[in-house]
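Notes for the one structure printed next.
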There are 2 protein chains.
Amino acid sequence: MTATTGVSRRALGLGLRATAKVLPEHTRAHNRSMVLQHLFHAGPTSRADLARATGLTRVTISDLVAALLAEGLVEELGVRKGGVGKPAMLVGMRTEEFHVVALDLSDESVMRGAVLTLTGEAVERRSLDVAGRTGDDLVDLVARLARRLLDDATRPVIGVGLGSPGVVDPAGRVVEAPNRRWADLPLAAILTERLGLPVHVANDADTAALGEYTYGGAADSMLVLTVGQGVGAGIILDGARVHGAGNAAGELGHVTVVDDGAPCACGRRGCLETLLAVPALRRATAGLDAEAADAVLAGVGRVLGTALAPVVSALNLGEVLLSGPADLLDGALREATTQTLRDRTMRAVSAHLPVRMATLDEDVVLAGAAVLVLAAQLGVS
Amino acid sequence: MTATTGVSRRALGLGLRATAKVLPEHTRAHNRSMVLQHLFHAGPTSRADLARATGLTRVTISDLVAALLAEGLVEELGVRKGGVGKPAMLVGMRTEEFHVVALDLSDESVMRGAVLTLTGEAVERRSLDVAGRTGDDLVDLVARLARRLLDDATRPVIGVGLGSPGVVDPAGRVVEAPNRRWADLPLAAILTERLGLPVHVANDADTAALGEYTYGGAADSMLVLTVGQGVGAGIILDGARVHGAGNAAGELGHVTVVDDGAPCACGRRGCLETLLAVPALRRATAGLDAEAADAVLAGVGRVLGTALAPVVSALNLGEVLLSGPADLLDGALREATTQTLRDRTMRAVSAHLPVRMATLDEDVVLAGAAVLVLAAQLGVS
DNA sequence: GGCAGAGTGTTAGGAGGCTTTACTAACAAA
DNA sequence: TTTGTTAGTAAAGCCTCCTAACACTCTGCC
């Protein structure tokens, strides 16, 4: 309880809480993002309405809009005649006039990619067979897919986004992705260099959460559980992505949920993944009639609910989203999860907590990768 | 996946992600805070070193320091003769020349308060018997204790901080605190009005987390479990407090941890609180010899570890802190919790995860309440 | 002893950002 | 036609930071 605490923190190499200096131009950038953010989510708006929405003056807004017009990011869309006064000129973001290239590396066997508009609509899709490639070969393959998609784009591309499995730090360095044989790989930097465009990389589950947040209308505090070959989670709290102490937040797949359960690839037993991953679910329900399958799925749902209960309580989540095959997740499993959460947490926490399916299905990761680019390049999310 | 998502979000009254306009003076305020933050944690520093630490120029730093000198917040402390060049004039924060009044309402029967210096050292302590008061009477009592402490202060008081049980929103409104008969009570606003000083209110567990974070040297992503009459948690992730969708983050006491367990005050059964709260622990260990008591405590520790495992995994916490009676917590219970966490989570997540006692003991909430003030008034935490 | 080199802090000038104030433009209602 | 309202623009001013240049004070070296 002394002022020297900070010194010891420093001596420990933990560093002070990272705060960065702010310059006048950052002010401008922030306000510019605020305008784009509003136009992105609310659609065409007059300058005067933008001023009211942002709290800035009409003068400043006019100036910002002029700059955005010059950049081609927004356009004037004609007047809106309303009640009294001079009719307003609507200004809208040119969401169809720019493209984003997004890549999804979450699947082990096939790498998916797309050219998207700023509203997240796919204009072109491509995929490449991974064919067992790992390490640098896999990086080459990623670059190849990205280049092809860049060629496909018919509009200026503002950046490339990528969702990758493994631990990824905020700078886009893949700290560790065992299945891809990547370790401490500055993937974002490498691709930025090779492609000559800004490239942003994040964990695939985090990316999925971003996608649902921005394009799927998810709540401000929520968790997206991604169920595929493995189980992961992306978490957004109070509107911000959770990274965690070692950038490994969301690793829910390897929590023990069954004592003395089935052996897991991680070397331990009874991990959530041994029950909830798609292969496990398929295996467990194979050959069963609908009723019996539902009983199995409900059992898994109860286990999931039990595991999520402390998380939901600790974070006061506004929503839990499940992303994965609807035939497995969106039925008995989801209902059992919901019910178990209600049974095992305070009413105030879970009574109005929707457990629902993610809305973007297969494209979550791609959409989220696009959001990565939007957020970094335009300040929009 | 359309641009109109934002519109529907808006129509739902959820509002857009709250971004506020930034003005030139906010730039100044931010940089000013950065200087104070550095001085607070690193101790006396020269202007040139501040420039290097913040990234701002010496010119700007000199200007900021001049303003802080004029306000009396910092002082010059003589030259530091070193190698070549002009000797540097050290500048230090006048942490002993200002006071903060902090109040701790976490105990049902007694309300504690203190006058603290900016380094969190108690200069004066007072407490008042709550004597069953609730509602408006309790507000009056809080105001009375605060006024007495303000009279005790021998230095200018920069603000009042308060840690209260219940759900508290970021504006210091107590949404709900059943035991105090408070509901939707703008406590911070009321006290600010009555005392004529800035008053900041937060949940007691959150406050405890803040205290440990700033004065206790806790990690950037951590959870403080407060064990007292009830069980709560304060969570800091990536350096920011977690509020949650309904400002009720941290309500871990009422997660079900035992199927068909003992009845809980909340109306359900088997809540964590029925095992881990201090009264429950005392009851369970009463009259047992040390060995038997440890066995009981280890059992509770295992249950706690099981409940925390999904939280630790999901958030990739850097630390878990236990706050409460050391004779109960800091032994078999803590060890069992640690071991259970290791057993039930990925190695990468838990191998280097310390589960340790909070360092501030009884004063955590008071210290955290002071941090509330420091953070709000000076931008320091 | 004196001078070059280095590091600290200040002064002067300038660029960028937002605001207030005041204006023009365009429309509805009386 | 007049009045009132709303949208957008122009000019002036304040705030913030930066770069460039300088004064000051110390060390090291000839």
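Residue numbering restarts at 1 in every chain; chains get A, B, ... in the order shown in the structure tokens, and ligands count up from 1 in that same order.
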DSSP on the backbone, then: every residue of range 122-371 of chain B marked strand (DSSP E), written as a PyMOL selection string. chain B and resi 122-129+157-164+167-168+174-177+182-185+199-203+222-227+231-237+240-241+319-323+355-357
Would you superpose chain A on chain B, least squares on all C-alpha atoms in order, and hand back the fitted chain as a compact mmCIF listing (two decimals) with C-alpha atoms, in the first residue's frame?
# COMPACT_ATOMS: atom_id res chain seq x y z
CA MET A 1 -25.48 -9.45 -42.78
CA THR A 2 -26.75 -6.12 -44.02
CA ALA A 3 -26.08 -2.53 -43.17
CA THR A 4 -29.50 -2.24 -41.66
CA THR A 5 -28.46 -4.33 -38.70
CA GLY A 6 -27.53 -1.15 -36.92
CA VAL A 7 -30.93 0.27 -37.58
CA SER A 8 -32.64 -2.68 -36.01
CA ARG A 9 -30.27 -2.51 -33.08
CA ARG A 10 -31.32 1.06 -32.76
CA ALA A 11 -34.97 0.28 -33.12
CA LEU A 12 -34.53 -2.20 -30.29
CA GLY A 13 -33.45 0.65 -28.10
CA LEU A 14 -30.06 -0.88 -27.54
CA GLY A 15 -28.37 2.19 -28.87
CA LEU A 16 -25.20 2.34 -30.86
CA ARG A 17 -21.93 1.57 -29.25
CA ALA A 18 -21.45 4.60 -27.07
CA THR A 19 -18.65 6.69 -28.39
CA ALA A 20 -18.26 10.23 -27.21
CA LYS A 21 -16.85 13.13 -29.09
CA VAL A 22 -13.29 14.13 -28.37
CA LEU A 23 -12.19 17.73 -28.09
CA PRO A 24 -8.73 19.25 -28.02
CA GLU A 25 -8.98 19.70 -24.26
CA HIS A 26 -9.53 15.98 -23.85
CA THR A 27 -6.20 15.48 -25.49
CA ARG A 28 -4.69 17.68 -22.85
CA ALA A 29 -6.51 15.86 -20.06
CA HIS A 30 -5.33 12.51 -21.34
CA ASN A 31 -1.71 13.56 -21.57
CA ARG A 32 -1.90 15.19 -18.18
CA SER A 33 -3.19 11.94 -16.72
CA MET A 34 -0.39 10.09 -18.41
CA VAL A 35 2.15 12.28 -16.65
CA LEU A 36 0.46 11.85 -13.28
CA GLN A 37 0.14 8.12 -13.86
CA HIS A 38 3.83 7.84 -14.49
CA LEU A 39 4.76 9.93 -11.48
CA PHE A 40 2.36 7.97 -9.31
CA HIS A 41 3.74 4.58 -10.21
CA ALA A 42 7.36 5.33 -10.99
CA GLY A 43 8.00 8.03 -8.42
CA PRO A 44 10.00 11.23 -8.98
CA THR A 45 11.06 11.67 -12.57
CA SER A 46 12.74 14.40 -14.58
CA ARG A 47 10.86 16.23 -17.32
CA ALA A 48 13.14 14.71 -19.93
CA ASP A 49 12.43 11.21 -18.63
CA LEU A 50 8.72 11.94 -18.63
CA ALA A 51 9.04 12.97 -22.25
CA ARG A 52 10.76 9.72 -23.10
CA ALA A 53 8.26 7.66 -21.14
CA THR A 54 5.20 9.26 -22.64
CA GLY A 55 6.41 9.91 -26.17
CA LEU A 56 5.53 13.56 -25.88
CA THR A 57 8.15 16.24 -26.49
CA ARG A 58 10.07 17.93 -23.72
CA VAL A 59 8.31 21.14 -24.60
CA THR A 60 4.87 19.69 -24.03
CA ILE A 61 5.95 17.94 -20.87
CA SER A 62 7.37 21.16 -19.48
CA ASP A 63 4.07 22.82 -20.19
CA LEU A 64 2.06 20.08 -18.54
CA VAL A 65 4.35 19.99 -15.53
CA ALA A 66 4.06 23.75 -15.19
CA ALA A 67 0.29 23.41 -15.02
CA LEU A 68 0.54 20.60 -12.47
CA LEU A 69 2.97 22.64 -10.40
CA ALA A 70 0.54 25.54 -10.43
CA GLU A 71 -2.21 23.24 -9.23
CA GLY A 72 0.03 21.98 -6.48
CA LEU A 73 -0.31 18.37 -7.59
CA VAL A 74 3.40 17.97 -8.21
CA GLU A 75 6.53 19.57 -6.85
CA GLU A 76 10.17 19.94 -7.77
CA LEU A 77 12.43 17.81 -5.62
CA GLY A 78 15.94 19.00 -6.45
CA VAL A 79 18.43 17.99 -9.04
CA ARG A 80 19.71 14.54 -9.82
CA LYS A 81 23.34 14.71 -10.79
CA GLY A 82 24.27 11.88 -13.03
CA GLY A 83 26.58 11.42 -15.97
CA VAL A 84 27.18 14.02 -18.60
CA GLY A 85 24.94 16.94 -19.35
CA LYS A 86 22.87 19.33 -17.36
CA PRO A 87 21.58 17.75 -14.13
CA ALA A 88 17.90 16.91 -14.19
CA MET A 89 15.33 18.47 -11.92
CA LEU A 90 13.20 15.73 -10.42
CA VAL A 91 9.47 16.23 -10.35
CA GLY A 92 7.32 14.24 -7.95
CA MET A 93 3.64 13.88 -7.23
CA ARG A 94 2.64 15.38 -3.89
CA THR A 95 0.97 12.19 -2.74
CA GLU A 96 1.03 13.17 0.93
CA GLU A 97 -0.41 16.62 0.42
CA PHE A 98 -3.87 15.52 -0.61
CA HIS A 99 -6.39 13.28 1.00
CA VAL A 100 -9.13 10.98 -0.18
CA VAL A 101 -12.08 9.90 1.90
CA ALA A 102 -13.02 6.26 1.41
CA LEU A 103 -16.02 4.34 2.72
CA ASP A 104 -16.62 0.62 2.94
CA LEU A 105 -20.23 -0.51 3.21
CA SER A 106 -19.59 -4.17 2.59
CA ASP A 107 -20.19 -5.19 6.17
CA GLU A 108 -23.80 -5.39 7.20
CA SER A 109 -23.34 -4.31 10.76
CA VAL A 110 -20.58 -1.74 10.68
CA MET A 111 -19.71 0.94 8.21
CA ARG A 112 -16.03 1.64 7.92
CA GLY A 113 -14.29 4.70 6.56
CA ALA A 114 -10.91 6.32 6.40
CA VAL A 115 -8.97 9.34 5.32
CA LEU A 116 -6.22 8.17 3.01
CA THR A 117 -3.28 9.79 1.32
CA LEU A 118 -2.96 9.34 -2.42
CA THR A 119 -0.66 6.38 -1.81
CA GLY A 120 -3.47 4.66 0.02
CA GLU A 121 -2.10 5.05 3.53
CA ALA A 122 -4.73 5.54 6.17
CA VAL A 123 -4.33 8.76 8.12
CA GLU A 124 -7.50 8.43 10.13
CA ARG A 125 -10.13 5.76 10.55
CA ARG A 126 -13.69 5.89 11.71
CA SER A 127 -16.60 3.51 11.77
CA LEU A 128 -20.26 3.70 12.58
CA ASP A 129 -22.62 1.04 13.80
CA VAL A 130 -25.23 0.44 11.13
CA ALA A 131 -27.68 -0.77 13.75
CA GLY A 132 -30.08 -2.19 11.27
CA ARG A 133 -30.54 1.01 9.34
CA THR A 134 -31.58 0.72 5.71
CA GLY A 135 -32.94 2.87 2.91
CA ASP A 136 -32.79 6.63 3.35
CA ASP A 137 -31.69 6.32 6.96
CA LEU A 138 -28.65 4.45 5.79
CA VAL A 139 -27.91 7.16 3.24
CA ASP A 140 -28.02 9.70 6.05
CA LEU A 141 -25.63 7.59 8.07
CA VAL A 142 -23.24 7.34 5.13
CA ALA A 143 -23.32 11.09 4.71
CA ARG A 144 -22.65 11.56 8.41
CA LEU A 145 -19.61 9.29 8.38
CA ALA A 146 -18.32 11.00 5.26
CA ARG A 147 -18.70 14.45 6.83
CA ARG A 148 -16.81 13.42 9.93
CA LEU A 149 -13.99 12.06 7.83
CA LEU A 150 -13.92 15.21 5.76
CA ASP A 151 -13.50 17.12 9.00
CA ASP A 152 -10.70 14.79 10.00
CA ALA A 153 -8.77 15.43 6.83
CA THR A 154 -5.82 17.75 7.31
CA ARG A 155 -5.19 18.23 3.60
CA PRO A 156 -7.38 19.17 0.65
CA VAL A 157 -9.68 16.26 -0.16
CA ILE A 158 -9.93 15.48 -3.84
CA GLY A 159 -12.99 13.29 -3.57
CA VAL A 160 -14.94 10.58 -1.79
CA GLY A 161 -15.02 6.94 -2.87
CA LEU A 162 -17.46 4.33 -1.72
CA GLY A 163 -17.69 0.56 -2.09
CA SER A 164 -21.19 -0.74 -1.67
CA PRO A 165 -22.75 -4.16 -1.97
CA GLY A 166 -25.29 -4.69 -4.71
CA VAL A 167 -25.51 -3.78 -8.34
CA VAL A 168 -24.03 -0.38 -9.06
CA ASP A 169 -23.97 1.21 -12.47
CA PRO A 170 -20.99 3.17 -13.84
CA ALA A 171 -22.61 6.46 -12.84
CA GLY A 172 -22.71 5.39 -9.20
CA ARG A 173 -26.40 4.60 -9.10
CA VAL A 174 -27.22 1.66 -6.86
CA VAL A 175 -29.53 -0.33 -9.06
CA GLU A 176 -30.28 -2.85 -6.38
CA ALA A 177 -28.93 -3.69 -2.95
CA PRO A 178 -31.65 -5.75 -1.25
CA ASN A 179 -30.05 -6.01 2.18
CA ARG A 180 -29.72 -2.25 2.34
CA ARG A 181 -33.21 -1.71 0.92
CA TRP A 182 -31.76 0.36 -1.85
CA ALA A 183 -33.21 0.23 -5.32
CA ASP A 184 -32.47 2.53 -8.19
CA LEU A 185 -30.81 4.99 -5.86
CA PRO A 186 -28.49 7.62 -7.36
CA LEU A 187 -26.16 7.40 -4.41
CA ALA A 188 -23.16 9.09 -6.00
CA ALA A 189 -25.26 12.02 -7.16
CA ILE A 190 -26.98 12.39 -3.80
CA LEU A 191 -23.74 12.38 -1.85
CA THR A 192 -21.98 14.65 -4.32
CA GLU A 193 -24.79 17.11 -3.78
CA ARG A 194 -24.80 16.81 0.01
CA LEU A 195 -21.07 16.84 0.55
CA GLY A 196 -20.14 19.34 -2.12
CA LEU A 197 -17.34 17.09 -3.32
CA PRO A 198 -17.09 14.55 -6.11
CA VAL A 199 -18.33 11.18 -4.82
CA HIS A 200 -17.79 7.93 -6.71
CA VAL A 201 -19.58 4.69 -5.93
CA ALA A 202 -18.93 1.16 -7.12
CA ASN A 203 -19.71 -2.38 -6.10
CA ASP A 204 -17.59 -3.50 -3.16
CA ALA A 205 -16.03 -6.49 -4.92
CA ASP A 206 -15.19 -4.35 -7.94
CA THR A 207 -13.69 -1.83 -5.58
CA ALA A 208 -11.63 -4.54 -3.96
CA ALA A 209 -10.34 -5.56 -7.37
CA LEU A 210 -9.38 -1.97 -8.11
CA GLY A 211 -7.57 -1.71 -4.82
CA GLU A 212 -5.54 -4.83 -5.48
CA TYR A 213 -4.87 -3.71 -9.01
CA THR A 214 -3.50 -0.32 -8.14
CA TYR A 215 -2.04 -0.76 -4.67
CA GLY A 216 -1.57 -4.51 -4.53
CA GLY A 217 0.37 -4.94 -7.74
CA ALA A 218 -2.12 -7.39 -9.24
CA ALA A 219 -1.98 -8.50 -12.86
CA ASP A 220 -3.70 -6.85 -15.78
CA SER A 221 -6.28 -9.61 -16.08
CA MET A 222 -7.40 -10.98 -12.78
CA LEU A 223 -10.24 -11.86 -10.52
CA VAL A 224 -10.55 -11.01 -6.84
CA LEU A 225 -12.85 -13.31 -4.96
CA THR A 226 -14.20 -11.62 -1.86
CA VAL A 227 -15.24 -14.00 0.86
CA GLY A 228 -17.18 -12.50 3.72
CA GLN A 229 -20.79 -12.72 4.77
CA GLY A 230 -21.34 -13.49 1.12
CA VAL A 231 -19.18 -14.33 -1.83
CA GLY A 232 -18.51 -11.92 -4.65
CA ALA A 233 -15.95 -11.20 -7.30
CA GLY A 234 -14.41 -8.21 -8.95
CA ILE A 235 -12.88 -8.73 -12.36
CA ILE A 236 -10.33 -6.71 -14.25
CA LEU A 237 -9.59 -7.77 -17.83
CA ASP A 238 -6.94 -6.27 -20.02
CA GLY A 239 -6.67 -3.47 -17.48
CA ALA A 240 -10.35 -2.55 -17.48
CA ARG A 241 -13.09 -3.28 -14.96
CA VAL A 242 -15.76 -5.65 -16.20
CA HIS A 243 -19.26 -4.29 -15.74
CA GLY A 244 -21.41 -6.76 -17.60
CA ALA A 245 -24.69 -6.41 -19.42
CA GLY A 246 -26.63 -5.41 -16.32
CA ASN A 247 -23.74 -4.07 -14.25
CA ALA A 248 -23.97 -7.25 -12.21
CA ALA A 249 -20.66 -8.85 -13.19
CA GLY A 250 -18.97 -10.80 -10.41
CA GLU A 251 -22.03 -12.37 -8.86
CA LEU A 252 -20.29 -15.67 -8.34
CA GLY A 253 -21.79 -16.40 -4.96
CA HIS A 254 -24.98 -17.83 -6.33
CA VAL A 255 -23.71 -20.27 -8.89
CA THR A 256 -24.89 -23.76 -8.11
CA VAL A 257 -21.91 -25.90 -7.19
CA VAL A 258 -23.57 -28.77 -5.36
CA ASP A 259 -26.56 -30.61 -6.74
CA ASP A 260 -29.25 -30.80 -4.08
CA GLY A 261 -27.02 -28.87 -1.73
CA ALA A 262 -27.92 -26.83 1.30
CA PRO A 263 -30.64 -24.21 0.89
CA CYS A 264 -29.39 -20.71 0.19
CA ALA A 265 -30.79 -17.33 1.14
CA CYS A 266 -31.47 -16.74 -2.55
CA GLY A 267 -34.09 -19.44 -2.58
CA ARG A 268 -32.18 -22.05 -4.50
CA ARG A 269 -29.89 -24.80 -3.29
CA GLY A 270 -26.20 -25.58 -3.39
CA CYS A 271 -24.93 -22.09 -4.20
CA LEU A 272 -21.20 -21.46 -3.81
CA GLU A 273 -22.09 -19.13 -0.99
CA THR A 274 -23.56 -21.96 1.06
CA LEU A 275 -20.09 -23.49 1.26
CA LEU A 276 -17.63 -20.65 0.91
CA ALA A 277 -19.05 -17.69 2.84
CA VAL A 278 -17.29 -17.08 6.13
CA PRO A 279 -20.23 -18.14 8.35
CA ALA A 280 -20.52 -21.40 6.41
CA LEU A 281 -16.80 -22.08 6.68
CA ARG A 282 -16.77 -21.32 10.39
CA ARG A 283 -19.71 -23.58 10.94
CA ALA A 284 -18.19 -26.38 8.92
CA THR A 285 -14.87 -26.25 10.73
CA ALA A 286 -16.14 -25.51 14.24
CA GLY A 287 -14.82 -27.91 16.81
CA LEU A 288 -12.68 -29.85 14.39
CA ASP A 289 -9.01 -30.50 14.91
CA ALA A 290 -6.61 -28.93 12.44
CA GLU A 291 -6.38 -31.96 10.23
CA ALA A 292 -10.10 -32.50 9.96
CA ALA A 293 -10.68 -28.79 9.39
CA ASP A 294 -8.14 -28.82 6.61
CA ALA A 295 -9.92 -31.71 4.98
CA VAL A 296 -13.15 -29.74 5.03
CA LEU A 297 -11.45 -26.63 3.68
CA ALA A 298 -9.76 -28.62 0.95
CA GLY A 299 -13.12 -29.97 -0.07
CA VAL A 300 -14.47 -26.46 -0.43
CA GLY A 301 -11.34 -25.49 -2.32
CA ARG A 302 -11.95 -28.26 -4.81
CA VAL A 303 -15.48 -27.07 -5.36
CA LEU A 304 -14.25 -23.54 -5.82
CA GLY A 305 -11.59 -24.69 -8.26
CA THR A 306 -14.17 -26.58 -10.26
CA ALA A 307 -16.37 -23.50 -10.47
CA LEU A 308 -13.50 -21.23 -11.37
CA ALA A 309 -12.02 -23.50 -14.02
CA PRO A 310 -14.36 -22.39 -16.82
CA VAL A 311 -13.93 -18.76 -15.84
CA VAL A 312 -10.17 -18.97 -15.77
CA SER A 313 -10.16 -20.75 -19.12
CA ALA A 314 -12.58 -18.42 -20.81
CA LEU A 315 -10.77 -15.30 -19.67
CA ASN A 316 -7.16 -16.47 -19.57
CA LEU A 317 -6.73 -14.75 -16.24
CA GLY A 318 -3.27 -13.84 -15.09
CA GLU A 319 -4.07 -14.17 -11.43
CA VAL A 320 -6.77 -15.18 -8.99
CA LEU A 321 -6.84 -13.42 -5.66
CA LEU A 322 -8.68 -14.48 -2.55
CA SER A 323 -9.77 -11.79 -0.15
CA GLY A 324 -11.05 -12.71 3.27
CA PRO A 325 -9.98 -14.37 6.53
CA ALA A 326 -6.54 -15.85 5.96
CA ASP A 327 -7.03 -18.55 8.61
CA LEU A 328 -9.82 -20.00 6.50
CA LEU A 329 -8.66 -19.23 2.99
CA ASP A 330 -4.89 -19.25 2.97
CA GLY A 331 -4.11 -22.89 3.51
CA ALA A 332 -5.76 -26.11 2.50
CA LEU A 333 -8.53 -24.24 0.73
CA ARG A 334 -6.25 -22.16 -1.43
CA GLU A 335 -4.01 -25.09 -2.21
CA ALA A 336 -6.92 -27.29 -3.21
CA THR A 337 -8.30 -24.54 -5.40
CA THR A 338 -4.97 -24.14 -7.13
CA GLN A 339 -4.56 -27.84 -7.68
CA THR A 340 -8.09 -28.27 -8.94
CA LEU A 341 -7.61 -25.44 -11.38
CA ARG A 342 -4.46 -27.09 -12.67
CA ASP A 343 -6.21 -30.42 -12.97
CA ARG A 344 -9.25 -29.09 -14.76
CA THR A 345 -7.85 -26.57 -17.24
CA MET A 346 -5.30 -26.51 -20.04
CA ARG A 347 -1.74 -26.34 -18.90
CA ALA A 348 -1.14 -23.18 -20.91
CA VAL A 349 -3.93 -21.47 -19.02
CA SER A 350 -3.22 -22.55 -15.48
CA ALA A 351 0.39 -23.66 -15.26
CA HIS A 352 1.56 -20.18 -14.33
CA LEU A 353 -1.64 -18.98 -12.76
CA PRO A 354 -1.05 -17.84 -9.20
CA VAL A 355 -3.93 -18.27 -6.80
CA ARG A 356 -2.85 -16.07 -3.96
CA MET A 357 -4.20 -14.09 -1.07
CA ALA A 358 -5.07 -10.45 -1.61
CA THR A 359 -2.42 -8.23 -0.09
CA LEU A 360 -4.55 -5.48 1.38
CA ASP A 361 -6.67 -7.51 3.78
CA GLU A 362 -9.29 -5.51 5.59
CA ASP A 363 -8.46 -2.36 3.72
CA VAL A 364 -9.04 -3.62 0.19
CA VAL A 365 -12.38 -1.99 -0.24
CA LEU A 366 -11.19 1.27 1.28
CA ALA A 367 -8.12 1.30 -0.91
CA GLY A 368 -10.22 0.54 -3.95
CA ALA A 369 -12.65 3.28 -3.09
CA ALA A 370 -9.68 5.63 -3.06
CA VAL A 371 -8.63 4.35 -6.48
CA LEU A 372 -12.10 5.14 -7.72
CA VAL A 373 -11.43 8.74 -6.80
CA LEU A 374 -7.89 8.79 -8.14
CA ALA A 375 -9.02 7.34 -11.43
CA ALA A 376 -11.92 9.69 -11.87
CA GLN A 377 -10.30 12.88 -10.63
CA LEU A 378 -6.71 12.47 -11.73
CA GLY A 379 -6.80 9.70 -14.28
CA VAL A 380 -4.48 7.64 -12.12
CA SER A 381 -4.90 3.96 -11.43
Filtered DSSP result for range 48-250 of chain A, state alpha helix (DSSP H), as a ChimeraX atom specification: /A:48-54,58-71,135-152,187-195,204-214
Counting only C-alpha atoms (C1' of nucleotides), which residues from chain D have an atom at most 10 Å from any atom of chain A, and could you show them as a compact mmCIF listing (two decimals) with N, CA, C and O atoms (P, O5', C5', C4', C3', O3' and C1' of nucleotides), in the first residue's frame?
# COMPACT_ATOMS: atom_id res chain seq x y z
P DG D 4 -41.32 35.96 -36.02
O5' DG D 4 -41.02 34.41 -36.11
C5' DG D 4 -42.10 33.48 -36.15
C4' DG D 4 -41.60 32.11 -36.52
C3' DG D 4 -40.31 31.70 -35.79
O3' DG D 4 -40.46 30.37 -35.31
C1' DG D 4 -40.03 31.42 -38.11
P DT D 5 -39.27 29.70 -34.41
O5' DT D 5 -38.76 28.56 -35.38
C5' DT D 5 -39.71 27.77 -36.09
C4' DT D 5 -38.99 26.84 -37.03
C3' DT D 5 -37.68 26.27 -36.47
O3' DT D 5 -37.63 24.88 -36.71
C1' DT D 5 -37.29 27.24 -38.59
P DT D 6 -36.62 23.99 -35.81
O5' DT D 6 -35.63 23.43 -36.93
C5' DT D 6 -36.17 22.77 -38.05
C4' DT D 6 -35.18 22.79 -39.19
C3' DT D 6 -33.76 22.34 -38.81
O3' DT D 6 -33.40 21.21 -39.59
C1' DT D 6 -33.73 24.30 -40.15
P DA D 7 -31.97 20.58 -39.47
O5' DA D 7 -31.25 21.22 -40.75
C5' DA D 7 -31.80 20.98 -42.04
C4' DA D 7 -30.82 21.35 -43.13
C3' DA D 7 -29.40 20.84 -42.92
O3' DA D 7 -28.90 20.34 -44.15
C1' DA D 7 -29.39 23.22 -43.05
P DG D 8 -27.52 19.55 -44.16
O5' DG D 8 -26.49 20.74 -44.37
C5' DG D 8 -26.38 21.32 -45.67
C4' DG D 8 -25.59 22.60 -45.61
C3' DG D 8 -24.10 22.47 -45.26
O3' DG D 8 -23.33 22.87 -46.39
C1' DG D 8 -25.12 24.34 -44.21
P DT D 9 -21.76 22.86 -46.32
O5' DT D 9 -21.43 24.42 -46.14
C5' DT D 9 -22.00 25.35 -47.02
C4' DT D 9 -21.45 26.74 -46.74
C3' DT D 9 -19.93 26.82 -46.61
O3' DT D 9 -19.50 28.00 -47.27
C1' DT D 9 -20.92 27.69 -44.68
P DA D 10 -17.95 28.21 -47.58
O5' DA D 10 -17.61 29.48 -46.66
C5' DA D 10 -18.48 30.60 -46.65
C4' DA D 10 -17.91 31.66 -45.73
C3' DA D 10 -16.39 31.65 -45.60
O3' DA D 10 -15.93 32.99 -45.62
C1' DA D 10 -17.39 31.38 -43.46
P DC D 15 -7.49 29.28 -24.59
O5' DC D 15 -7.23 27.77 -24.99
C5' DC D 15 -8.33 26.88 -25.17
C4' DC D 15 -7.83 25.59 -25.75
C3' DC D 15 -6.51 25.12 -25.14
O3' DC D 15 -6.65 23.77 -24.73
C1' DC D 15 -6.36 25.14 -27.51
P DT D 16 -5.48 23.13 -23.84
O5' DT D 16 -4.68 22.30 -24.93
C5' DT D 16 -5.30 21.20 -25.57
C4' DT D 16 -4.36 20.65 -26.62
C3' DT D 16 -2.94 20.50 -26.12
O3' DT D 16 -2.63 19.13 -25.92
C1' DT D 16 -3.03 21.46 -28.31
P DC D 17 -1.25 18.74 -25.27
O5' DC D 17 -0.28 18.46 -26.51
C5' DC D 17 -0.63 17.51 -27.50
C4' DC D 17 0.11 17.85 -28.78
C3' DC D 17 1.63 17.84 -28.63
O3' DC D 17 2.18 16.66 -29.17
C1' DC D 17 0.86 19.73 -29.90
P DC D 18 3.77 16.43 -29.12
O5' DC D 18 4.28 17.16 -30.46
C5' DC D 18 3.68 16.84 -31.71
C4' DC D 18 4.36 17.63 -32.82
C3' DC D 18 5.89 17.58 -32.72
O3' DC D 18 6.47 17.08 -33.90
C1' DC D 18 5.13 19.85 -32.76
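Using only C-alpha atoms (C1' of nucleotides), the contacts of DT3 in chain D at a cut-off of 12 Å, with sequence neighbours closer than 4 positions omitted, comprise DA28, DA29 and DA30 of chain C.
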Rank C:DA22, C:DC27, C:DA4, C:DA12 by their smallest atom-to-atom distance to chain A, using only C-alpha atoms (C1' of nucleotides), and report the top residue only.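 Among the listed residues, the smallest separation from chain A belongs to C:DC27.
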